[in-house]
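Source file: data.txt. Holds: compact mmCIF, C-alpha atoms.
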```txt
# COMPACT_ATOMS: atom_id res chain seq x y z
CA MET E 1 109.91 112.28 -34.13
CA ILE E 2 109.76 109.67 -31.36
CA THR E 3 112.45 109.97 -28.79
CA LYS E 4 114.14 107.07 -27.01
CA ARG E 5 112.48 107.88 -23.72
CA PHE E 6 109.05 106.97 -25.19
CA ILE E 7 110.20 103.87 -27.07
CA LEU E 8 111.32 101.93 -23.97
CA PRO E 9 107.96 102.19 -22.05
CA LEU E 10 106.03 101.14 -25.18
CA ILE E 11 108.17 98.04 -25.53
CA THR E 12 107.63 97.18 -21.86
CA ALA E 13 103.81 97.53 -22.10
CA ALA E 14 103.66 95.39 -25.23
CA SER E 15 105.65 92.68 -23.50
CA SER E 16 103.21 92.72 -20.55
CA LEU E 17 100.19 92.38 -22.83
CA THR E 18 101.82 89.48 -24.62
CA PHE E 19 102.45 87.72 -21.29
CA ILE E 20 98.84 88.18 -20.13
CA GLY E 21 97.36 86.97 -23.40
CA CYS E 22 99.26 83.70 -23.18
CA GLY E 23 97.86 82.70 -19.68
CA PRO E 24 95.19 79.90 -19.01
CA LYS E 25 91.57 80.56 -20.13
CA ASN E 26 89.10 81.46 -17.29
CA GLU E 27 86.03 79.05 -17.59
CA PHE E 28 82.93 78.67 -15.19
CA THR E 29 82.64 75.25 -13.52
CA PRO E 30 79.03 74.37 -12.55
CA PRO E 31 78.45 72.88 -9.04
CA PRO E 32 77.88 69.12 -8.81
CA PRO E 33 74.29 67.78 -8.70
CA VAL E 34 72.67 68.11 -5.30
CA PRO E 35 72.48 64.76 -3.44
CA VAL E 36 68.95 63.88 -2.32
CA THR E 37 67.21 60.87 -0.83
CA VAL E 38 64.23 59.47 -2.69
CA ALA E 39 61.71 56.73 -1.95
CA LYS E 40 58.90 54.97 -3.77
CA PRO E 41 55.42 55.46 -2.31
CA ILE E 42 54.12 52.71 -0.05
CA VAL E 43 51.03 51.05 -1.51
CA ASN E 44 48.71 48.88 0.54
CA ASP E 45 45.20 48.72 1.96
CA GLN E 46 44.88 51.10 4.84
CA THR E 47 42.33 51.62 7.60
CA VAL E 48 42.38 55.04 9.22
CA TYR E 49 40.47 55.73 12.42
CA LYS E 50 38.84 59.04 13.24
CA ASN E 51 38.86 59.27 17.02
CA PHE E 52 36.18 60.73 19.27
CA PRO E 53 36.59 61.29 23.04
CA ALA E 54 34.35 58.92 24.99
CA THR E 55 33.36 58.02 28.53
CA LEU E 56 32.92 54.37 29.46
CA ALA E 57 30.02 53.00 31.49
CA GLY E 58 28.88 49.54 32.49
CA VAL E 59 26.17 47.97 30.40
CA SER E 60 24.04 48.12 33.56
CA GLU E 61 24.66 50.32 36.63
CA ILE E 62 22.31 49.94 39.59
CA GLU E 63 22.11 52.07 42.74
CA ILE E 64 21.13 49.99 45.77
CA ARG E 65 18.89 52.03 48.09
CA ALA E 66 16.91 51.36 51.25
CA ARG E 67 13.25 51.25 50.28
CA VAL E 68 11.93 50.96 53.84
CA ARG E 69 12.78 52.70 57.10
CA GLY E 70 14.75 50.88 59.76
CA ILE E 71 18.11 50.13 61.35
CA LEU E 72 20.69 48.61 59.01
CA GLU E 73 21.64 45.40 60.78
CA LYS E 74 24.16 43.75 58.49
CA SER E 75 26.00 43.81 55.15
CA TYR E 76 26.93 40.49 53.54
CA PHE E 77 29.31 41.36 50.70
CA GLU E 78 33.01 42.12 50.33
CA GLU E 79 33.47 45.62 49.00
CA GLY E 80 34.75 45.71 45.41
CA SER E 81 34.04 42.04 44.77
CA VAL E 82 32.13 40.46 41.90
CA ILE E 83 28.71 39.20 42.94
CA SER E 84 25.92 37.24 41.27
CA LYS E 85 22.32 38.22 40.70
CA GLY E 86 20.26 37.44 43.81
CA SER E 87 23.21 37.61 46.22
CA ASP E 88 22.43 38.98 49.68
CA LEU E 89 23.69 42.52 50.20
CA PHE E 90 22.03 44.03 53.31
CA GLN E 91 19.65 43.21 56.10
CA ILE E 92 17.37 45.87 57.63
CA GLU E 93 15.62 45.14 60.96
CA GLN E 94 12.56 43.01 60.29
CA ALA E 95 10.67 43.08 63.63
CA PRO E 96 8.35 46.02 62.81
CA TYR E 97 7.52 44.57 59.40
CA LEU E 98 6.92 41.07 60.76
CA ALA E 99 4.46 42.62 63.19
CA SER E 100 2.75 44.48 60.36
CA VAL E 101 2.41 41.26 58.37
CA ALA E 102 0.92 39.48 61.40
CA ALA E 103 -1.56 42.31 61.95
CA ALA E 104 -2.52 42.25 58.27
CA GLU E 105 -3.01 38.49 58.35
CA ALA E 106 -5.30 38.86 61.40
CA ASP E 107 -7.26 41.55 59.60
CA VAL E 108 -7.73 39.25 56.60
CA ALA E 109 -9.01 36.49 58.92
CA LYS E 110 -11.40 38.94 60.57
CA THR E 111 -12.86 40.21 57.30
CA GLU E 112 -13.17 36.70 55.91
CA ALA E 113 -15.14 35.69 59.06
CA ALA E 114 -17.40 38.69 58.61
CA LEU E 115 -17.95 37.66 55.01
CA ARG E 116 -18.99 34.18 56.05
CA ILE E 117 -21.54 35.61 58.54
CA SER E 118 -22.95 37.93 55.86
CA ASN E 119 -23.28 35.07 53.40
CA ALA E 120 -25.03 32.93 56.03
CA THR E 121 -27.49 35.71 56.86
CA LEU E 122 -28.28 36.27 53.21
CA GLY E 123 -28.80 32.57 52.71
CA ARG E 124 -31.30 32.27 55.55
CA LEU E 125 -33.30 35.26 54.33
CA LYS E 126 -33.51 33.89 50.83
CA LYS E 127 -34.53 30.46 52.18
CA ALA E 128 -37.35 31.97 54.22
CA GLY E 129 -38.86 33.39 51.06
CA SER E 130 -40.51 36.66 50.18
CA GLY E 131 -43.59 35.82 52.27
CA ALA E 132 -41.62 35.68 55.52
CA VAL E 133 -39.20 38.60 54.94
CA SER E 134 -39.37 41.80 53.01
CA GLU E 135 -37.45 42.55 49.85
CA LEU E 136 -35.68 45.33 51.72
CA ASP E 137 -34.23 42.86 54.23
CA ILE E 138 -32.87 40.69 51.43
CA GLU E 139 -31.34 43.69 49.62
CA THR E 140 -29.77 44.87 52.86
CA ALA E 141 -28.26 41.45 53.50
CA GLN E 142 -26.89 41.38 49.93
CA ALA E 143 -25.28 44.78 50.44
CA GLU E 144 -23.65 43.54 53.66
CA VAL E 145 -22.20 40.59 51.73
CA ASP E 146 -20.84 42.91 49.04
CA ASN E 147 -19.31 45.16 51.71
CA ALA E 148 -17.73 42.14 53.41
CA VAL E 149 -16.20 41.04 50.08
CA ALA E 150 -14.69 44.50 49.61
CA LEU E 151 -13.30 44.47 53.14
CA VAL E 152 -11.66 41.10 52.51
CA ALA E 153 -10.04 42.43 49.31
CA GLU E 154 -8.87 45.52 51.16
CA SER E 155 -7.36 43.52 54.01
CA LYS E 156 -5.60 41.20 51.57
CA ALA E 157 -4.13 44.21 49.77
CA ARG E 158 -2.82 45.54 53.10
CA LEU E 159 -1.31 42.12 53.79
CA GLU E 160 0.40 42.10 50.41
CA ALA E 161 1.79 45.60 51.03
CA ALA E 162 3.09 44.52 54.44
CA GLN E 163 4.73 41.46 52.88
CA ILE E 164 6.33 43.65 50.22
CA ASP E 165 7.73 45.99 52.88
CA LEU E 166 9.05 42.96 54.74
CA SER E 167 10.76 41.72 51.58
CA TYR E 168 12.50 45.10 51.23
CA THR E 169 14.31 44.47 54.50
CA SER E 170 16.37 41.75 52.78
CA ILE E 171 18.26 43.53 50.00
CA LYS E 172 19.65 41.39 47.17
CA SER E 173 21.63 42.24 44.04
CA PRO E 174 19.36 42.65 41.00
CA ILE E 175 22.20 41.95 38.52
CA ASN E 176 25.57 40.27 38.13
CA GLY E 177 28.40 42.73 38.57
CA ARG E 178 31.01 44.38 40.74
CA VAL E 179 29.78 45.92 43.96
CA ALA E 180 31.07 49.25 45.28
CA ARG E 181 31.88 50.09 48.90
CA CYS E 182 29.23 50.16 51.60
CA MET E 183 27.98 53.73 51.94
CA VAL E 184 26.30 53.20 55.36
CA ASP E 185 27.67 51.32 58.33
CA ALA E 186 25.58 48.80 60.23
CA GLY E 187 23.62 50.34 63.11
CA ASN E 188 22.56 53.47 61.24
CA LEU E 189 18.98 54.41 60.49
CA VAL E 190 18.22 54.19 56.77
CA GLY E 191 15.20 55.00 54.63
CA ASN E 192 14.10 57.83 56.90
CA GLY E 193 12.42 60.05 54.34
CA ASP E 194 14.38 59.62 51.10
CA PRO E 195 15.65 56.18 50.01
CA THR E 196 19.17 55.93 51.42
CA LEU E 197 21.96 55.02 48.99
CA LEU E 198 23.65 51.93 50.38
CA THR E 199 25.97 50.88 47.53
CA SER E 200 25.97 50.33 43.76
CA VAL E 201 26.51 47.40 41.42
CA VAL E 202 27.99 47.71 37.93
CA ASP E 203 27.67 45.00 35.31
CA GLU E 204 31.03 45.16 33.48
CA GLU E 205 30.56 42.06 31.34
CA SER E 206 30.08 44.56 28.54
CA ILE E 207 31.13 48.20 28.48
CA ARG E 208 29.33 51.06 26.78
CA ALA E 209 31.22 54.00 25.31
CA TYR E 210 29.29 57.26 24.97
CA TYR E 211 30.68 59.93 22.66
CA GLU E 212 29.60 62.96 20.66
CA VAL E 213 29.94 63.12 16.87
CA PRO E 214 30.03 66.52 15.09
CA GLU E 215 27.28 67.18 12.60
CA ARG E 216 29.75 67.28 9.69
CA VAL E 217 30.62 63.66 10.36
CA MET E 218 26.96 62.81 10.87
CA LEU E 219 26.22 64.19 7.40
CA GLU E 220 28.42 61.46 5.91
CA TYR E 221 26.51 58.86 7.92
CA TYR E 222 23.16 60.25 6.80
CA ARG E 223 24.25 60.19 3.15
CA ARG E 224 25.41 56.59 3.40
CA ARG E 225 22.27 55.68 5.30
CA SER E 226 20.17 56.83 2.38
CA GLU E 227 22.18 54.60 0.02
CA VAL E 228 22.45 51.43 2.12
CA SER E 229 19.35 49.74 3.50
CA ASN E 230 21.19 47.65 6.11
CA ILE E 231 23.58 50.38 7.22
CA SER E 232 23.28 49.55 10.93
CA HIS E 233 25.26 46.36 10.35
CA GLN E 234 27.76 47.86 7.91
CA LEU E 235 28.87 51.00 9.72
CA ASN E 236 29.00 49.86 13.30
CA LYS E 237 32.47 48.35 13.77
CA VAL E 238 34.64 50.59 15.93
CA ARG E 239 37.81 50.26 17.99
CA LEU E 240 38.79 51.64 21.38
CA GLU E 241 41.97 53.51 22.28
CA LEU E 242 42.59 53.75 26.00
CA ALA E 243 43.98 56.74 27.91
CA ASP E 244 47.55 55.36 27.84
CA GLY E 245 47.48 55.03 24.05
CA THR E 246 47.02 51.26 23.89
CA ILE E 247 44.47 49.76 21.55
CA TYR E 248 41.83 47.50 23.09
CA ASP E 249 41.97 43.98 21.67
CA HIS E 250 38.26 43.68 20.85
CA LEU E 251 36.19 45.64 18.40
CA GLY E 252 32.96 47.29 19.49
CA MET E 253 29.55 47.62 17.90
CA ILE E 254 27.61 50.86 17.53
CA ASP E 255 24.19 50.04 18.97
CA PHE E 256 22.66 53.51 19.28
CA ILE E 257 22.75 56.80 17.37
CA ASP E 258 20.61 59.67 18.60
CA ASN E 259 17.66 60.49 16.39
CA LYS E 260 18.60 64.17 16.12
CA VAL E 261 21.54 66.56 16.31
CA ASN E 262 21.76 68.70 19.44
CA GLU E 263 20.98 72.29 18.49
CA THR E 264 23.34 73.73 21.11
CA THR E 265 26.43 71.55 20.71
CA ARG E 266 25.86 70.67 17.03
CA THR E 267 26.66 67.05 17.83
CA ALA E 268 24.79 63.76 18.01
CA GLN E 269 25.33 61.23 20.77
CA VAL E 270 26.51 57.79 19.72
CA ARG E 271 26.95 54.66 21.84
CA ALA E 272 29.13 51.64 21.19
CA VAL E 273 29.31 48.38 23.18
CA PHE E 274 32.56 46.46 23.77
CA PRO E 275 32.95 42.97 25.27
CA ASN E 276 34.79 42.96 28.61
CA ALA E 277 34.97 39.35 29.73
CA GLU E 278 38.59 39.82 30.86
CA GLY E 279 37.68 42.84 32.99
CA MET E 280 40.23 45.14 31.33
CA LEU E 281 37.74 48.03 31.12
CA SER E 282 35.86 49.81 33.87
CA SER E 283 33.03 52.27 34.14
CA GLY E 284 34.10 55.91 34.21
CA LEU E 285 37.29 55.50 32.15
CA PHE E 286 38.22 57.97 29.43
CA ALA E 287 38.88 56.51 26.00
CA ARG E 288 38.75 57.34 22.31
CA VAL E 289 36.38 55.56 19.99
CA GLY E 290 37.89 55.11 16.53
CA TYR E 291 35.56 55.08 13.55
CA PRO E 292 37.22 53.34 10.57
CA LYS E 293 37.73 54.72 7.08
CA ASN E 294 39.08 52.16 4.61
CA TYR E 295 41.42 52.99 1.71
CA LYS E 296 41.96 50.40 -1.04
CA ASP E 297 45.57 50.31 -2.36
CA ALA E 298 46.37 53.61 -0.67
CA ILE E 299 49.43 55.48 -1.93
CA MET E 300 51.43 56.88 1.00
CA VAL E 301 54.55 59.01 1.32
CA PRO E 302 56.34 60.37 4.42
CA ALA E 303 54.51 63.41 5.71
CA VAL E 304 57.79 65.42 5.78
CA SER E 305 58.06 65.14 2.00
CA ILE E 306 54.87 67.12 1.41
CA MET E 307 55.38 70.85 0.87
CA LYS E 308 52.80 73.63 0.80
CA ASP E 309 52.62 77.03 -0.83
CA ILE E 310 50.00 79.32 -2.28
CA GLY E 311 49.38 76.76 -5.02
CA GLY E 312 48.53 74.00 -2.56
CA SER E 313 50.25 70.80 -1.49
CA PHE E 314 53.02 69.32 -3.64
CA VAL E 315 55.99 66.95 -3.61
CA TRP E 316 59.28 66.94 -5.50
CA VAL E 317 59.73 63.95 -7.80
CA VAL E 318 62.80 62.84 -9.75
CA ASP E 319 62.42 61.46 -13.28
CA THR E 320 64.59 58.87 -15.04
CA LYS E 321 67.06 61.62 -16.08
CA ASN E 322 67.52 62.75 -12.46
CA LYS E 323 65.64 65.97 -13.12
CA VAL E 324 63.41 67.44 -10.39
CA HIS E 325 59.74 68.22 -11.03
CA ARG E 326 57.06 69.73 -8.84
CA ARG E 327 54.00 67.47 -8.53
CA GLY E 328 50.76 68.83 -7.10
CA VAL E 329 48.95 66.34 -4.86
CA VAL E 330 45.71 65.95 -2.93
CA THR E 331 46.32 64.61 0.57
CA GLY E 332 44.19 62.43 2.81
CA ASP E 333 44.71 61.18 6.35
CA THR E 334 48.10 60.88 8.06
CA VAL E 335 48.98 57.69 9.93
CA LEU E 336 51.84 56.54 12.10
CA ARG E 337 54.05 53.97 10.42
CA LYS E 338 54.51 50.79 12.39
CA GLN E 339 58.26 50.23 12.68
CA VAL E 340 60.00 46.87 12.98
CA ASP E 341 62.60 48.45 15.27
CA GLU E 342 60.96 49.78 18.43
CA ASN E 343 63.81 52.27 18.90
CA ALA E 344 63.44 53.76 15.42
CA VAL E 345 62.38 57.37 14.99
CA PRO E 346 58.59 57.53 14.48
CA VAL E 347 57.57 58.13 10.87
CA ARG E 348 54.24 59.52 9.77
CA ASP E 349 52.88 58.75 6.33
CA THR E 350 50.27 60.78 4.48
CA ILE E 351 47.81 59.18 2.10
CA ILE E 352 47.87 60.73 -1.37
CA THR E 353 44.46 60.53 -3.00
CA LYS E 354 45.47 62.25 -6.24
CA GLY E 355 48.69 63.24 -8.01
CA LEU E 356 51.10 60.31 -7.50
CA THR E 357 51.60 56.77 -8.76
CA LYS E 358 53.40 53.89 -7.11
CA ASP E 359 56.31 54.23 -9.58
CA ASP E 360 57.16 57.86 -8.78
CA SER E 361 60.42 58.64 -6.97
CA VAL E 362 59.63 61.17 -4.27
CA ILE E 363 62.32 63.27 -2.60
CA ILE E 364 62.14 62.74 1.15
CA SER E 365 65.44 64.37 2.20
CA GLY E 366 67.27 67.40 0.84
CA LEU E 367 64.03 69.18 0.01
CA GLN E 368 65.34 72.67 0.71
CA ARG E 369 68.13 72.38 -1.87
CA VAL E 370 66.08 71.47 -4.92
CA ARG E 371 64.15 73.48 -7.48
CA GLU E 372 62.12 72.87 -10.61
CA GLY E 373 64.27 71.41 -13.37
CA ALA E 374 67.38 70.93 -11.22
CA ILE E 375 69.60 67.91 -11.79
CA VAL E 376 70.19 65.90 -8.63
CA THR E 377 72.01 62.79 -7.48
CA PRO E 378 69.25 60.57 -6.04
CA GLU E 379 69.91 57.91 -3.46
CA MET E 380 67.18 55.40 -2.71
CA SER E 381 66.11 55.35 0.94
CA SER E 382 67.09 52.24 2.86
CA SER E 383 64.24 52.54 5.39
CA THR E 384 61.34 50.16 4.84
CA GLY E 385 58.15 49.48 6.69
CA THR E 386 54.46 49.03 6.27
CA SER E 387 52.54 52.16 6.92
CA ALA E 388 49.79 51.17 9.29
CA VAL E 389 48.31 52.29 12.55
CA GLU E 390 47.96 49.75 15.32
CA GLN E 391 44.94 47.51 14.89
CA PRO E 392 42.88 45.56 17.44
CA ALA E 393 43.71 41.88 17.78
CA GLU E 394 40.42 40.91 16.10
CA LEU E 395 41.36 42.82 12.94
CA LYS E 396 44.86 41.34 12.93
CA ALA E 397 43.45 37.82 13.15
CA LYS E 398 40.95 38.43 10.36
CA HIS E 399 43.72 39.87 8.17
CA GLU E 400 45.90 36.80 8.72
CA GLU E 401 42.99 34.49 7.90
CA SER E 402 42.29 36.35 4.66
CA LYS E 403 45.97 36.08 3.64
CA GLN E 404 46.03 32.33 4.29
CA SER E 405 42.83 31.73 2.37
```

Just give me the structure as structure tokens.
Amino acid sequence: MITKRFILPLITAASSLTFIGCGPKNEFTPPPPVPVTVAKPIVNDQTVYKNFPATLAGVSEIEIRARVRGILEKSYFEEGSVISKGSDLFQIEQAPYLASVAAAEADVAKTEAALRISNATLGRLKKAGSGAVSELDIETAQAEVDNAVALVAESKARLEAAQIDLSYTSIKSPINGRVARCMVDAGNLVGNGDPTLLTSVVDEESIRAYYEVPERVMLEYYRRRSEVSNISHQLNKVRLELADGTIYDHLGMIDFIDNKVNETTRTAQVRAVFPNAEGMLSSGLFARVGYPKNYKDAIMVPAVSIMKDIGGSFVWVVDTKNKVHRRGVVTGDTVLRKQVDENAVPVRDTIITKGLTKDDSVIISGLQRVREGAIVTPEMSSSTGTSAVEQPAELKAKHEESKQS
């Protein structure tokens, strides 16, 4: 039998359960789609330069030295100026060499006189006939003539040597170019033993760039050389990047490649020549020679959009249903995008050689919040620009001409 003291608590509990059962239903609300920024790949022809450190040198660099001994009397040039071939540079005292020339000329006259006497003697003996003189006398006279001829030749050679030494006292520039400072002041003795360095002249009308190319890069050249008969004219256009990062306006031409790879450094020396009519380049400068690699209709995406894991490089793409997919890609070179706004943040684009098409929507912002199969809210990037590294003026002009034609 249930007593009243148990009935009241049971009624209270039942009322509580009824109240709870009538409350609102607890349902899970999924989070909203993650907002991301997407962009279409940039597609255009692209030239990428592989840079090699180089040292510049004049197309001709001449050391001017004293070739004869004497007191340096005068210098004629202004240090650091541009001079022409044949310009007077220095004057060494001429008195000793003028005296040597005079002595040599006198010696030539003396030997020539002796030759005339020998010829006259031989002529008389021959005229007298074999009945009047012996054969020995005639042979002796002939020998004296031959000796006199040799002495004349010897004296003339000494005269020529003396005249050459005299010419060395007037030093002229052998080339057009820019002259350095005078290394010896007037009044000093030069040419005493070793040829004294007086100055140097550098022809900067053209500039040579010397650089070393690793053997791995040379292998590509050798392979292409075996396929192309006229490769020297097809693989020799290069550009020059100066130490401050500016690109030289004129392209250069590769005019020399060493015939073997250095066994110690595993590199081959290459030389390129650049025009320098404006005098913007100088011997001794550091620069980078850029060897071009051309991509036709290259597909490029911002470098920050490319992810890497154990499976390789990949990007996140968004399909037409706003679903995220992982897309494995093969990457090429990375270039700096040329911005219209000079104050814009620099953007680097990476060339995709495999894995993407121009119609794909690639996530470029919000990468850390996406996963395979996730639904996102894509927003198309407003930033535009042509991905291209800076080109020399010659390439820009040729590109404009091709567009107009």

Calculate how many Å separate CA of Val289 in chain E from CA of Ile62 in chain E, rounding to one decimal.
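CA of Ile62 in chain E lies 24.8 Å from CA of Val289 in chain E.
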
Any idea what's packed within 7 Å of range 155-172 of chain E, counting only C-alpha atoms, ignoring anything in its chain fewer than 3 positions away? Could you give it as JSON, numbers by chain?
{"E": [67, 68, 86, 87, 88, 89, 90, 91, 92, 93, 94, 97, 98, 100, 101, 104, 105, 107, 108, 151, 152]}

So which one's closest to Gly252 in chain E, E:Phe274, E:Phe314, E:Tyr291, E:Tyr210? Using all atoms listed in the file, please.
E:Phe274

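Distances here use only C-alpha atoms; by that measure, the residue among E:Arg181, E:Thr350, E:Ile375, E:Ser365 closest to Leu197 in chain E is E:Arg181.
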
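Within 8 Å of the file-frame point (36.2, 56.4, 16.9), and using only C-alpha atoms, the polymer residues found are E:Tyr49, E:Lys50, E:Asn51, E:Phe52, E:Pro53, E:Val238, E:Arg239, E:Leu240, E:Arg288, E:Val289, E:Gly290, E:Tyr291, E:Pro292.
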
Could you please take those selected residues and save C-alpha atoms as a PDB file, keeping the file's coordinate frame?
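File again.pdb, as written:
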```
ATOM      1  CA  TYR E  49      40.470  55.730  12.420  1.00  0.00           C
ATOM      2  CA  LYS E  50      38.840  59.040  13.240  1.00  0.00           C
ATOM      3  CA  ASN E  51      38.860  59.270  17.020  1.00  0.00           C
ATOM      4  CA  PHE E  52      36.180  60.730  19.270  1.00  0.00           C
ATOM      5  CA  PRO E  53      36.590  61.290  23.040  1.00  0.00           C
ATOM      6  CA  VAL E 238      34.640  50.590  15.930  1.00  0.00           C
ATOM      7  CA  ARG E 239      37.810  50.260  17.990  1.00  0.00           C
ATOM      8  CA  LEU E 240      38.790  51.640  21.380  1.00  0.00           C
ATOM      9  CA  ARG E 288      38.750  57.340  22.310  1.00  0.00           C
ATOM     10  CA  VAL E 289      36.380  55.560  19.990  1.00  0.00           C
ATOM     11  CA  GLY E 290      37.890  55.110  16.530  1.00  0.00           C
ATOM     12  CA  TYR E 291      35.560  55.080  13.550  1.00  0.00           C
ATOM     13  CA  PRO E 292      37.220  53.340  10.570  1.00  0.00           C
TER      14      PRO E 292
END
```

Here is a test: counting only C-alpha atoms, which residue of E:Arg65, E:Pro302, E:Gly312, E:Asp333 is nearest to Arg348 in chain E?
E:Pro302

Test item: residues at most 7 Å from Ile42 in chain E, all atoms listed in the file, excluding those fewer than 3 positions along its chain, as a PDB file with C-alpha atoms, keeping the file's coordinate frame:
```
ATOM      1  CA  ILE E 299      49.430  55.480  -1.930  1.00  0.00           C
ATOM      2  CA  MET E 300      51.430  56.880   1.000  1.00  0.00           C
ATOM      3  CA  VAL E 301      54.550  59.010   1.320  1.00  0.00           C
TER       4      VAL E 301
END
```

Given only C-alpha atoms as the counted atoms, nearest of E:Ala243, E:Ala106, E:Ile351, E:Leu281 to Thr334 in chain E:
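Among the listed residues, the smallest separation from Thr334 in chain E belongs to E:Ile351.
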
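Restricting the calculation to all atoms listed in the file, the smallest distance between Arg266 in chain E and any of E:Asp45, E:Glu135, E:Asp185, E:Glu215 is found for E:Glu215.
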
Around (46.3, 58.3, 2.0), as given in the file, which residues come within 12 Å? Count all atoms listed in the file and list them as a ChimeraX atom specification.
/E:41-48,293-303,329-336,348-356,387-388

Output the selection as a PDB file, in the coordinates of the input - C-alpha atoms for each residue.
```pdb
ATOM      1  CA  PRO E  41      55.420  55.460  -2.310  1.00  0.00           C
ATOM      2  CA  ILE E  42      54.120  52.710  -0.050  1.00  0.00           C
ATOM      3  CA  VAL E  43      51.030  51.050  -1.510  1.00  0.00           C
ATOM      4  CA  ASN E  44      48.710  48.880   0.540  1.00  0.00           C
ATOM      5  CA  ASP E  45      45.200  48.720   1.960  1.00  0.00           C
ATOM      6  CA  GLN E  46      44.880  51.100   4.840  1.00  0.00           C
ATOM      7  CA  THR E  47      42.330  51.620   7.600  1.00  0.00           C
ATOM      8  CA  VAL E  48      42.380  55.040   9.220  1.00  0.00           C
ATOM      9  CA  LYS E 293      37.730  54.720   7.080  1.00  0.00           C
ATOM     10  CA  ASN E 294      39.080  52.160   4.610  1.00  0.00           C
ATOM     11  CA  TYR E 295      41.420  52.990   1.710  1.00  0.00           C
ATOM     12  CA  LYS E 296      41.960  50.400  -1.040  1.00  0.00           C
ATOM     13  CA  ASP E 297      45.570  50.310  -2.360  1.00  0.00           C
ATOM     14  CA  ALA E 298      46.370  53.610  -0.670  1.00  0.00           C
ATOM     15  CA  ILE E 299      49.430  55.480  -1.930  1.00  0.00           C
ATOM     16  CA  MET E 300      51.430  56.880   1.000  1.00  0.00           C
ATOM     17  CA  VAL E 301      54.550  59.010   1.320  1.00  0.00           C
ATOM     18  CA  PRO E 302      56.340  60.370   4.420  1.00  0.00           C
ATOM     19  CA  ALA E 303      54.510  63.410   5.710  1.00  0.00           C
ATOM     20  CA  VAL E 329      48.950  66.340  -4.860  1.00  0.00           C
ATOM     21  CA  VAL E 330      45.710  65.950  -2.930  1.00  0.00           C
ATOM     22  CA  THR E 331      46.320  64.610   0.570  1.00  0.00           C
ATOM     23  CA  GLY E 332      44.190  62.430   2.810  1.00  0.00           C
ATOM     24  CA  ASP E 333      44.710  61.180   6.350  1.00  0.00           C
ATOM     25  CA  THR E 334      48.100  60.880   8.060  1.00  0.00           C
ATOM     26  CA  VAL E 335      48.980  57.690   9.930  1.00  0.00           C
ATOM     27  CA  LEU E 336      51.840  56.540  12.100  1.00  0.00           C
ATOM     28  CA  ARG E 348      54.240  59.520   9.770  1.00  0.00           C
ATOM     29  CA  ASP E 349      52.880  58.750   6.330  1.00  0.00           C
ATOM     30  CA  THR E 350      50.270  60.780   4.480  1.00  0.00           C
ATOM     31  CA  ILE E 351      47.810  59.180   2.100  1.00  0.00           C
ATOM     32  CA  ILE E 352      47.870  60.730  -1.370  1.00  0.00           C
ATOM     33  CA  THR E 353      44.460  60.530  -3.000  1.00  0.00           C
ATOM     34  CA  LYS E 354      45.470  62.250  -6.240  1.00  0.00           C
ATOM     35  CA  GLY E 355      48.690  63.240  -8.010  1.00  0.00           C
ATOM     36  CA  LEU E 356      51.100  60.310  -7.500  1.00  0.00           C
ATOM     37  CA  SER E 387      52.540  52.160   6.920  1.00  0.00           C
ATOM     38  CA  ALA E 388      49.790  51.170   9.290  1.00  0.00           C
TER      39      ALA E 388
END
```

Hey, can you check how far CA of Ala54 in chain E sits from CA of Pro346 in chain E?
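A separation of 26.5 Å between them.
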
Straight-line distance linking CA of Ala109 in chain E with CA of Val149 in chain E, stated in Å to one decimal
12.3 Å

Of the candidates E:Arg208, E:Lys110, E:Arg69, E:Arg327, which shows the shortest atom-to-atom distance to Gly284 in chain E, using all atoms listed in the file?
E:Arg208

Centre, x/y/z edge lengths, axis-aligned box for range 223-226 of chain E with 5 Å per side, as lines of an AutoDock Vina configuration file:
```
center_x = 22.8
center_y = 57.9
center_z = 3.8
size_x = 15.2
size_y = 14.5
size_z = 12.9
```

Glu204 in chain E environment, 9 Å, all atoms listed in the file, sequence neighbours closer than 5 positions dropped, as a VMD selection string
chain E and resid 57 to 61 176 to 178 275 to 277 279 281 to 283

Put those residues in a file: C-alpha atoms, as a PDB file, in the frame of the given file.
```
ATOM      1  CA  ALA E  57      30.020  53.000  31.490  1.00  0.00           C
ATOM      2  CA  GLY E  58      28.880  49.540  32.490  1.00  0.00           C
ATOM      3  CA  VAL E  59      26.170  47.970  30.400  1.00  0.00           C
ATOM      4  CA  SER E  60      24.040  48.120  33.560  1.00  0.00           C
ATOM      5  CA  GLU E  61      24.660  50.320  36.630  1.00  0.00           C
ATOM      6  CA  ASN E 176      25.570  40.270  38.130  1.00  0.00           C
ATOM      7  CA  GLY E 177      28.400  42.730  38.570  1.00  0.00           C
ATOM      8  CA  ARG E 178      31.010  44.380  40.740  1.00  0.00           C
ATOM      9  CA  PRO E 275      32.950  42.970  25.270  1.00  0.00           C
ATOM     10  CA  ASN E 276      34.790  42.960  28.610  1.00  0.00           C
ATOM     11  CA  ALA E 277      34.970  39.350  29.730  1.00  0.00           C
ATOM     12  CA  GLY E 279      37.680  42.840  32.990  1.00  0.00           C
ATOM     13  CA  LEU E 281      37.740  48.030  31.120  1.00  0.00           C
ATOM     14  CA  SER E 282      35.860  49.810  33.870  1.00  0.00           C
ATOM     15  CA  SER E 283      33.030  52.270  34.140  1.00  0.00           C
TER      16      SER E 283
END
```
